[in-house]
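Colleague: This is input-v2.tsv, which holds TSV, C-alpha atoms:
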chain	number	residue	atom	x	y	z
A	1	MET	CA	0.00	0.00	0.00
A	2	SER	CA	1.28	3.47	-0.89
A	3	ASP	CA	2.37	5.65	2.00
A	4	TRP	CA	-0.03	8.43	1.09
A	5	ILE	CA	-3.02	6.07	1.08
A	6	ALA	CA	-2.04	4.79	4.54
A	7	VAL	CA	-1.71	8.39	5.78
A	8	ILE	CA	-5.14	9.30	4.41
A	9	LEU	CA	-6.69	6.27	6.14
A	10	LEU	CA	-5.05	7.20	9.44
A	11	GLY	CA	-6.22	10.80	9.05
A	12	ILE	CA	-9.78	9.64	8.43
A	13	VAL	CA	-9.71	7.33	11.46
A	14	GLU	CA	-8.28	10.07	13.70
A	15	GLY	CA	-10.78	12.63	12.44
A	16	ILE	CA	-13.76	10.36	13.09
A	17	THR	CA	-12.69	9.01	16.46
A	18	GLU	CA	-10.94	11.92	18.21
A	19	PHE	CA	-14.13	13.39	19.66
A	20	LEU	CA	-16.57	10.52	19.27
A	21	PRO	CA	-16.62	8.47	22.51
A	22	VAL	CA	-14.93	5.42	20.96
A	23	SER	CA	-11.18	6.09	21.50
A	24	SER	CA	-8.96	7.51	18.77
A	25	THR	CA	-5.86	5.95	20.35
A	26	GLY	CA	-7.37	2.49	20.23
A	27	HIS	CA	-8.56	2.85	16.66
A	28	LEU	CA	-5.22	4.20	15.42
A	29	LEU	CA	-3.44	1.27	17.05
A	30	ILE	CA	-5.83	-1.20	15.44
A	31	VAL	CA	-5.43	0.36	11.98
A	32	GLU	CA	-1.64	0.50	12.28
A	33	ARG	CA	-1.59	-3.20	13.16
A	34	TRP	CA	-3.90	-3.97	10.25
A	35	LEU	CA	-1.76	-1.98	7.79
A	36	HIS	CA	1.50	-3.29	9.31
A	37	ILE	CA	2.87	0.22	9.76
A	38	ARG	CA	4.12	2.24	12.71
A	39	GLN	CA	3.85	6.00	12.55
A	40	SER	CA	5.98	8.26	14.72
A	41	ASP	CA	4.61	9.86	17.88
A	42	LEU	CA	5.06	13.23	16.19
A	43	PHE	CA	2.82	12.19	13.30
A	44	ASN	CA	0.08	11.00	15.66
A	45	VAL	CA	0.27	14.19	17.73
A	46	VAL	CA	0.11	16.46	14.68
A	47	ILE	CA	-2.94	14.75	13.16
A	48	GLN	CA	-4.61	14.83	16.59
A	49	SER	CA	-3.95	18.58	16.74
A	50	GLY	CA	-5.55	18.92	13.32
A	51	ALA	CA	-8.68	17.17	14.56
A	52	VAL	CA	-8.82	19.42	17.63
A	53	LEU	CA	-8.27	22.71	15.81
A	54	ALA	CA	-10.93	21.90	13.23
A	55	VAL	CA	-13.79	21.76	15.74
A	56	ILE	CA	-13.19	25.21	17.26
A	57	PRO	CA	-15.43	26.96	14.66
A	58	LEU	CA	-18.29	24.64	15.67
A	59	PHE	CA	-18.32	26.31	19.09
A	60	HIS	CA	-18.06	29.84	17.74
A	61	GLN	CA	-20.94	31.10	19.88
A	62	ARG	CA	-19.27	29.95	23.09
A	63	PHE	CA	-15.88	31.38	22.09
A	64	HIS	CA	-17.59	34.62	21.05
A	65	GLN	CA	-18.94	34.80	24.61
A	66	PHE	CA	-15.45	34.29	26.04
A	67	LEU	CA	-14.03	37.10	23.90
A	68	PHE	CA	-16.79	39.71	23.87
A	69	ARG	CA	-19.11	38.93	26.79
A	70	TRP	CA	-16.56	37.97	29.42
A	71	ARG	CA	-17.92	40.55	31.87
A	72	GLU	CA	-21.17	38.58	32.19
A	73	LYS	CA	-21.30	36.31	35.23
A	74	PRO	CA	-22.51	33.14	33.40
A	75	THR	CA	-19.67	33.49	30.88
A	76	ARG	CA	-17.02	33.94	33.56
A	77	ASP	CA	-18.49	31.05	35.55
A	78	TYR	CA	-18.38	28.70	32.55
A	79	ALA	CA	-14.86	29.80	31.62
A	80	ALA	CA	-13.66	29.29	35.21
A	81	LYS	CA	-14.97	25.73	35.18
A	82	ILE	CA	-13.18	25.06	31.90
A	83	ILE	CA	-9.96	26.41	33.44
A	84	LEU	CA	-10.40	24.24	36.54
A	85	ALA	CA	-10.90	21.12	34.41
A	86	CYS	CA	-7.77	21.98	32.40
A	87	ILE	CA	-5.67	22.53	35.54
A	88	LEU	CA	-6.80	19.22	37.04
A	89	THR	CA	-5.83	17.51	33.78
A	90	GLY	CA	-2.64	19.43	33.07
A	91	GLY	CA	-0.96	18.91	36.43
A	92	PRO	CA	-1.02	15.10	36.48
A	93	GLY	CA	-0.50	15.03	32.71
A	94	TYR	CA	2.69	17.06	33.00
A	95	LEU	CA	3.98	14.79	35.77
A	96	LEU	CA	3.27	11.73	33.64
A	97	GLU	CA	5.15	13.32	30.75
A	98	LYS	CA	8.11	14.17	32.99
A	99	GLN	CA	8.22	10.57	34.20
A	100	GLY	CA	8.34	9.37	30.58
A	101	PHE	CA	4.96	7.63	30.73
A	102	LYS	CA	3.98	5.90	27.49
A	103	LEU	CA	0.67	4.30	26.63
A	104	PRO	CA	0.80	0.51	26.22
A	105	GLU	CA	0.72	-0.48	22.56
A	106	GLN	CA	-0.88	-3.90	23.06
A	107	LEU	CA	-4.44	-4.56	21.90
A	108	ALA	CA	-5.54	-6.45	25.04
A	109	PRO	CA	-5.78	-3.34	27.31
A	110	VAL	CA	-7.49	-1.46	24.47
A	111	ALA	CA	-10.13	-4.20	24.23
A	112	CYS	CA	-10.68	-4.15	28.00
A	113	ALA	CA	-11.11	-0.36	28.08
A	114	LEU	CA	-13.45	-0.42	25.08
A	115	LEU	CA	-15.56	-3.14	26.70
A	116	ILE	CA	-15.79	-1.42	30.08
A	117	GLY	CA	-16.68	1.92	28.50
A	118	GLY	CA	-19.23	0.30	26.20
A	119	LEU	CA	-20.96	-1.45	29.10
A	120	GLY	CA	-20.86	1.85	30.97
A	121	PHE	CA	-22.74	3.67	28.21
A	122	VAL	CA	-25.35	0.92	27.81
A	123	LEU	CA	-26.01	0.58	31.55
A	124	ILE	CA	-25.96	4.29	32.37
A	125	GLU	CA	-28.24	5.21	29.48
A	126	ALA	CA	-30.66	2.47	30.59
A	127	TRP	CA	-30.55	3.86	34.14
A	128	LEU	CA	-31.16	7.42	32.89
A	129	ARG	CA	-34.20	6.47	30.80
A	130	GLY	CA	-37.08	8.72	31.85
A	131	LYS	CA	-34.97	10.70	34.32
A	132	PRO	CA	-34.79	14.50	33.95
A	133	LEU	CA	-31.38	15.97	33.10
A	134	ASN	CA	-30.31	19.60	33.36
A	135	ASP	CA	-28.05	21.93	31.38
A	136	HIS	CA	-26.14	23.49	34.28
A	137	VAL	CA	-22.44	22.65	34.53
A	138	THR	CA	-21.56	22.46	38.23
A	139	TRP	CA	-18.13	22.69	39.88
A	140	THR	CA	-18.41	18.98	40.65
A	141	ILE	CA	-18.83	18.27	36.95
A	142	ALA	CA	-15.78	20.42	36.14
A	143	VAL	CA	-13.69	18.43	38.62
A	144	ALA	CA	-15.01	15.12	37.24
A	145	VAL	CA	-14.16	16.12	33.66
A	146	GLY	CA	-10.66	17.22	34.62
A	147	LEU	CA	-9.90	13.98	36.43
A	148	GLY	CA	-11.67	11.92	33.77
A	149	GLN	CA	-9.28	13.24	31.14
A	150	VAL	CA	-6.37	12.00	33.27
A	151	VAL	CA	-7.92	8.53	33.47
A	152	ALA	CA	-8.33	8.47	29.69
A	153	ALA	CA	-4.69	9.52	29.23
A	154	ILE	CA	-3.52	6.53	31.26
A	155	PHE	CA	-5.68	3.77	29.81
A	156	PRO	CA	-5.58	3.29	26.01
A	157	GLY	CA	-9.01	2.65	24.59
A	158	ALA	CA	-10.83	4.44	27.42
A	159	SER	CA	-11.51	7.53	25.25
A	160	ARG	CA	-11.22	11.03	26.66
A	161	SER	CA	-14.65	12.05	25.45
A	162	GLY	CA	-16.10	8.67	26.46
A	163	VAL	CA	-14.93	8.85	30.08
A	164	THR	CA	-15.84	12.50	30.58
A	165	ILE	CA	-19.27	12.27	28.95
A	166	LEU	CA	-20.09	9.20	31.06
A	167	LEU	CA	-19.18	11.12	34.22
A	168	CYS	CA	-21.29	14.10	33.15
A	169	LEU	CA	-24.29	11.86	32.51
A	170	LEU	CA	-23.88	10.23	35.92
A	171	LEU	CA	-23.90	13.69	37.49
A	172	GLY	CA	-27.16	14.59	35.73
A	173	LEU	CA	-25.92	16.82	32.91
A	174	ALA	CA	-27.93	16.67	29.67
A	175	ARG	CA	-26.30	15.07	26.64
A	176	PRO	CA	-25.84	18.21	24.50
A	177	ALA	CA	-24.43	20.16	27.48
A	178	SER	CA	-22.18	17.23	28.41
A	179	THR	CA	-20.84	16.98	24.88
A	180	GLU	CA	-20.14	20.71	24.57
A	181	PHE	CA	-18.41	21.06	27.94
A	182	CYS	CA	-16.29	17.93	27.51
A	183	PHE	CA	-15.21	18.93	24.02
A	184	ILE	CA	-14.36	22.54	24.93
A	185	ALA	CA	-12.49	21.41	28.07
A	186	GLY	CA	-10.49	19.00	25.94
A	187	ILE	CA	-9.38	21.55	23.35
A	188	PRO	CA	-6.79	23.51	25.42
A	189	THR	CA	-5.46	20.43	27.21
A	190	MET	CA	-4.98	18.46	24.00
A	191	LEU	CA	-3.42	21.40	22.16
A	192	ALA	CA	-1.05	22.07	25.07
A	193	ALA	CA	-0.03	18.42	25.27
A	194	GLY	CA	0.36	18.28	21.50
A	195	GLY	CA	2.43	21.45	21.42
A	196	LEU	CA	4.76	20.12	24.12
A	197	LYS	CA	5.27	16.83	22.31
A	198	ILE	CA	5.89	18.56	18.98
A	199	PHE	CA	8.45	20.87	20.62
A	200	LYS	CA	10.26	17.94	22.23
A	201	ALA	CA	10.20	15.89	19.02
A	202	LEU	CA	11.68	18.77	17.01
A	203	HIS	CA	14.26	20.02	19.50
A	204	HIS	CA	15.11	16.84	21.41
A	205	PRO	CA	14.46	13.93	19.05
A	206	PRO	CA	15.25	10.46	20.46
A	207	PRO	CA	18.57	9.02	19.23
A	208	GLY	CA	18.26	7.11	15.97
A	209	THR	CA	14.95	8.75	15.00
A	210	ALA	CA	14.41	8.84	11.25
A	211	PRO	CA	13.75	12.25	9.64
A	212	GLU	CA	10.06	13.10	9.51
A	213	HIS	CA	8.33	13.16	6.12
A	214	TRP	CA	6.62	16.53	6.53
A	215	GLY	CA	4.60	16.20	3.36
A	216	MET	CA	2.88	13.12	4.78
A	217	VAL	CA	2.47	14.78	8.17
A	218	CYS	CA	0.73	17.77	6.55
A	219	LEU	CA	-1.50	15.44	4.52
A	220	GLY	CA	-2.55	13.57	7.66
A	221	PHE	CA	-3.17	16.88	9.45
A	222	LEU	CA	-5.40	18.16	6.65
A	223	VAL	CA	-7.42	14.96	6.28
A	224	SER	CA	-7.88	14.64	10.03
A	225	ALA	CA	-9.06	18.26	10.34
A	226	ILE	CA	-11.65	17.98	7.54
A	227	VAL	CA	-13.05	14.67	8.77
A	228	SER	CA	-13.11	15.81	12.41
A	229	PHE	CA	-15.12	18.91	11.53
A	230	ILE	CA	-17.71	16.78	9.73
A	231	ALA	CA	-17.85	14.11	12.45
A	232	VAL	CA	-18.27	16.53	15.34
A	233	LYS	CA	-20.84	18.63	13.48
A	234	TRP	CA	-22.85	15.43	12.98
A	235	LEU	CA	-22.43	14.36	16.62
A	236	LEU	CA	-23.61	17.71	17.99
A	237	ARG	CA	-26.84	17.27	16.04
A	238	TYR	CA	-27.14	13.58	16.91
A	239	VAL	CA	-27.05	14.10	20.69
A	240	GLN	CA	-29.92	16.57	20.50
A	241	HIS	CA	-32.36	13.70	20.02
A	242	HIS	CA	-30.45	10.46	20.69
A	243	THR	CA	-28.67	8.71	23.54
A	244	PHE	CA	-25.12	7.32	23.55
A	245	THR	CA	-26.34	3.73	23.65
A	246	ALA	CA	-25.33	3.04	20.04
A	247	PHE	CA	-21.75	4.05	20.84
A	248	GLY	CA	-21.82	1.70	23.80
A	249	TRP	CA	-22.84	-1.27	21.65
A	250	TYR	CA	-20.23	-0.31	19.04
A	251	ARG	CA	-17.51	-0.33	21.68
A	252	ILE	CA	-18.68	-3.70	23.00
A	253	GLY	CA	-18.75	-5.21	19.51
A	254	LEU	CA	-15.29	-3.90	18.63
A	255	ALA	CA	-13.87	-5.13	21.94
A	256	LEU	CA	-15.25	-8.61	21.35
A	257	LEU	CA	-13.79	-8.69	17.83
A	258	ILE	CA	-10.36	-7.74	19.20
A	259	ILE	CA	-10.59	-10.39	21.93
A	260	ILE	CA	-11.63	-13.07	19.42
A	261	GLY	CA	-8.73	-12.09	17.15
A	262	LEU	CA	-6.24	-12.25	20.02
A	263	LEU	CA	-7.54	-15.63	21.17
A	264	ALA	CA	-7.37	-16.99	17.62
A	265	ARG	CA	-3.76	-15.80	17.28
A	266	TRP	CA	-2.76	-17.27	20.64
A	267	GLY	CA	-4.53	-20.52	19.78
Just give me the structure of the file as C-alpha cells.
Modeller:
Amino acid sequence: MSDWIAVILLGIVEGITEFLPVSSTGHLLIVERWLHIRQSDLFNVVIQSGAVLAVIPLFHQRFHQFLFRWREKPTRDYAAKIILACILTGGPGYLLEKQGFKLPEQLAPVACALLIGGLGFVLIEAWLRGKPLNDHVTWTIAVAVGLGQVVAAIFPGASRSGVTILLCLLLGLARPASTEFCFIAGIPTMLAAGGLKIFKALHHPPPGTAPEHWGMVCLGFLVSAIVSFIAVKWLLRYVQHHTFTAFGWYRIGLALLIIIGLLARWG
C-alpha cells in the first residue's frame, strides 16, 4: 500500500474518532496493526492537533462569549470551570510526561477499556431512561471532567470524550451540554499536550529517530481536520435527540472482535 493512502486512512480514522466516545488511540493502534505500519509519535500528535483545531469553529458562539461577553457572570463562571478542568488535567499530565509515561501499545488493554466503557454507556443510558437531566455545569462536573481526562490519558481505549461524557451523565448533565463542555475542556489540554510533544520531538528527538516526512504529516493533518469537523458537526446534532447507547454497543462489539482475534492468534 502506498504511504499516502495509509496516511489518508489514518487521518480519516483520527478525524472520526478523536471526539466521538470510541477512543482515537485504540482505533489508530488497530489500523496501524492492520496496515503493518508504525507512525511516529510526532505524526500521531500532529494529526490529533488537526482534529482538535478543526472543531473550534463549531463552538463559535461559546468562544464569542469568552471574547466579547466575558464581563457577564454566566460566561465567567463557565470559563472558570473550563480552566479548573484543564488545571486538574494538566498537572497530572505534565507529571506523567516528565516521568516518561507511554501508553501501552498492546491490543488487550485497548479491548478491555473499550468493553468497560461500552458497558458503561449501555447501563448508564438504561438507568437514565425517563430521568430528567439539566443543562447546568456544576463545579463537581468540572472536577469530574478534569480527572476523567487524566484517566483516559492513562488507559488506552478508554476515550477522553467517552470517560468525561459518562461522568457528566452520571452527574445529571444533559447530553448536549455534556458533549459541549467535555469537548471545549479537551481543546486547550490536548493542544497544550500536543504542542509540548511537537516541541520535544523537534528540539530533542530520540537518538536514531528517522527524519520526519513533513509532506505526509501535513497530509494527515489536513485529512484529520476535515473529517473531524464533519464528524463533530454530525455528533452535535445527533445528541440533540439520541442517547449514547449506540456508541456503547459499538464499543462492546469492537472489543469482542479484538478479543476473538487475540484468542485466535494465541490458539
Colleague: Rounded to one decimal in Å, what is the spacing between atom CA of Cys218 of chain A and atom CA of Ile47 of chain A?
Modeller: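 Atom-to-atom, atom CA of Cys218 of chain A and atom CA of Ile47 of chain A are spaced 8.1 Å apart.
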Colleague: Go through segment 165-201 of chain A residue by residue and, counting only C-alpha atoms, keep those with an atom at most 12 Å from segment 100-124 of chain A; for each kept residue give the shortest atom pair and its distance in Å to one decimal, ordered by chain and increasing number, as JSON lines.
Modeller:
{"residue": "A:Ile165", "atom": "CA", "partner": "A:Phe121", "partner_atom": "CA", "distance": 9.3}
{"residue": "A:Leu166", "atom": "CA", "partner": "A:Phe121", "partner_atom": "CA", "distance": 6.8}
{"residue": "A:Leu167", "atom": "CA", "partner": "A:Ile124", "partner_atom": "CA", "distance": 9.8}
{"residue": "A:Cys168", "atom": "CA", "partner": "A:Ile124", "partner_atom": "CA", "distance": 10.9}
{"residue": "A:Leu169", "atom": "CA", "partner": "A:Ile124", "partner_atom": "CA", "distance": 7.8}
{"residue": "A:Leu170", "atom": "CA", "partner": "A:Ile124", "partner_atom": "CA", "distance": 7.2}
{"residue": "A:Leu171", "atom": "CA", "partner": "A:Ile124", "partner_atom": "CA", "distance": 10.9}
{"residue": "A:Gly172", "atom": "CA", "partner": "A:Ile124", "partner_atom": "CA", "distance": 10.9}
{"residue": "A:Lys197", "atom": "CA", "partner": "A:Gly100", "partner_atom": "CA", "distance": 11.6}
Colleague: Restricting the calculation to all atoms listed in the file, which member of A:Ala153, A:Leu202, A:Leu133, A:Ala225 is positioned closest to Thr17 of chain A?
Modeller: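 Result for the nearest residue to Thr17 of chain A: A:Ala225.
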Colleague: Could you please determine the separation between atom CA of Leu235 of chain A and atom CA of Arg251 of chain A in Å, to one decimal place?
Modeller: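 About the pair atom CA of Leu235 of chain A and atom CA of Arg251 of chain A: they are 16.3 Å apart.
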Colleague: Please determine, counting all atoms listed in the file, which residue among A:Leu147, A:Val223, A:Lys81, A:His242 has the shortest atom-to-atom distance to Ile12 of chain A.
Modeller: A:Val223
Colleague: Do a neighbour search on Gln65 of chain A at 12 Å with all atoms listed in the file, toss out local chain neighbours closer than 3 positions, and write the hits as an MDAnalysis selection string.
Modeller: chainID A and resid 59:62 68:79
Colleague: Which value, in Å to one decimal, gives the distance between atom CA of Val239 of chain A and atom CA of Asp135 of chain A?
Modeller: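 Atom-to-atom, atom CA of Val239 of chain A to atom CA of Asp135 of chain A, that is 13.3 Å.
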Colleague: Restricting the calculation to all atoms listed in the file: of A:Leu20, A:Ile83, A:Leu191, A:Ile5, which residue gets closest to Ala158 of chain A?
Modeller: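 Of A:Leu20, A:Ile83, A:Leu191, A:Ile5, the one nearest Ala158 of chain A, counting all atoms listed in the file, is A:Leu20.
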Colleague: Could you add whatever atoms are missing so that segment 69-97 of chain A carries N, CA and C atoms, then write the result as a CSV table (one decimal), keeping the file's coordinate frame?
Modeller:
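Final output, selection04.csv:
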chain,number,residue,atom,x,y,z
A,69,ARG,N,-18.1,38.8,25.7
A,69,ARG,CA,-19.1,38.9,26.8
A,69,ARG,C,-18.5,38.4,28.1
A,70,TRP,N,-17.2,38.5,28.3
A,70,TRP,CA,-16.6,38.0,29.4
A,70,TRP,C,-16.9,38.7,30.7
A,71,ARG,N,-17.5,39.9,30.6
A,71,ARG,CA,-17.9,40.6,31.9
A,71,ARG,C,-19.2,39.9,32.5
A,72,GLU,N,-19.9,39.2,31.7
A,72,GLU,CA,-21.2,38.6,32.2
A,72,GLU,C,-20.8,37.4,33.1
A,73,LYS,N,-21.6,37.3,34.2
A,73,LYS,CA,-21.3,36.3,35.2
A,73,LYS,C,-21.4,34.9,34.7
A,74,PRO,N,-22.4,34.5,33.9
A,74,PRO,CA,-22.5,33.1,33.4
A,74,PRO,C,-21.3,32.8,32.5
A,75,THR,N,-20.8,33.7,31.7
A,75,THR,CA,-19.7,33.5,30.9
A,75,THR,C,-18.4,33.2,31.7
A,76,ARG,N,-18.2,34.1,32.7
A,76,ARG,CA,-17.0,33.9,33.6
A,76,ARG,C,-17.1,32.6,34.4
A,77,ASP,N,-18.3,32.3,34.8
A,77,ASP,CA,-18.5,31.0,35.6
A,77,ASP,C,-18.2,29.8,34.7
A,78,TYR,N,-18.6,29.8,33.5
A,78,TYR,CA,-18.4,28.7,32.6
A,78,TYR,C,-16.9,28.6,32.2
A,79,ALA,N,-16.3,29.8,31.9
A,79,ALA,CA,-14.9,29.8,31.6
A,79,ALA,C,-14.0,29.3,32.8
A,80,ALA,N,-14.4,29.7,34.0
A,80,ALA,CA,-13.7,29.3,35.2
A,80,ALA,C,-13.7,27.8,35.4
A,81,LYS,N,-14.8,27.2,35.1
A,81,LYS,CA,-15.0,25.7,35.2
A,81,LYS,C,-14.1,25.0,34.1
A,82,ILE,N,-14.1,25.6,32.9
A,82,ILE,CA,-13.2,25.1,31.9
A,82,ILE,C,-11.7,25.1,32.4
A,83,ILE,N,-11.3,26.2,33.0
A,83,ILE,CA,-10.0,26.4,33.4
A,83,ILE,C,-9.7,25.4,34.5
A,84,LEU,N,-10.6,25.2,35.5
A,84,LEU,CA,-10.4,24.2,36.5
A,84,LEU,C,-10.2,22.8,36.0
A,85,ALA,N,-11.0,22.5,35.0
A,85,ALA,CA,-10.9,21.1,34.4
A,85,ALA,C,-9.5,21.0,33.7
A,86,CYS,N,-9.1,22.0,33.1
A,86,CYS,CA,-7.8,22.0,32.4
A,86,CYS,C,-6.6,21.9,33.4
A,87,ILE,N,-6.7,22.6,34.5
A,87,ILE,CA,-5.7,22.5,35.5
A,87,ILE,C,-5.6,21.1,36.1
A,88,LEU,N,-6.8,20.6,36.4
A,88,LEU,CA,-6.8,19.2,37.0
A,88,LEU,C,-6.3,18.2,36.1
A,89,THR,N,-6.4,18.4,34.8
A,89,THR,CA,-5.8,17.5,33.8
A,89,THR,C,-4.3,17.8,33.6
A,90,GLY,N,-4.0,19.1,33.4
A,90,GLY,CA,-2.6,19.4,33.1
A,90,GLY,C,-1.6,19.1,34.1
A,91,GLY,N,-1.9,19.2,35.4
A,91,GLY,CA,-1.0,18.9,36.4
A,91,GLY,C,-0.5,17.5,36.4
A,92,PRO,N,-1.4,16.5,36.6
A,92,PRO,CA,-1.0,15.1,36.5
A,92,PRO,C,-0.5,14.7,35.1
A,93,GLY,N,-1.0,15.3,34.1
A,93,GLY,CA,-0.5,15.0,32.7
A,93,GLY,C,0.9,15.4,32.5
A,94,TYR,N,1.3,16.6,33.1
A,94,TYR,CA,2.7,17.1,33.0
A,94,TYR,C,3.6,16.1,33.8
A,95,LEU,N,3.2,15.7,35.0
A,95,LEU,CA,4.0,14.8,35.8
A,95,LEU,C,4.2,13.5,35.0
A,96,LEU,N,3.1,13.0,34.4
A,96,LEU,CA,3.3,11.7,33.6
A,96,LEU,C,4.3,11.9,32.5
A,97,GLU,N,4.2,13.1,31.8
A,97,GLU,CA,5.2,13.3,30.8
A,97,GLU,C,6.6,13.4,31.3
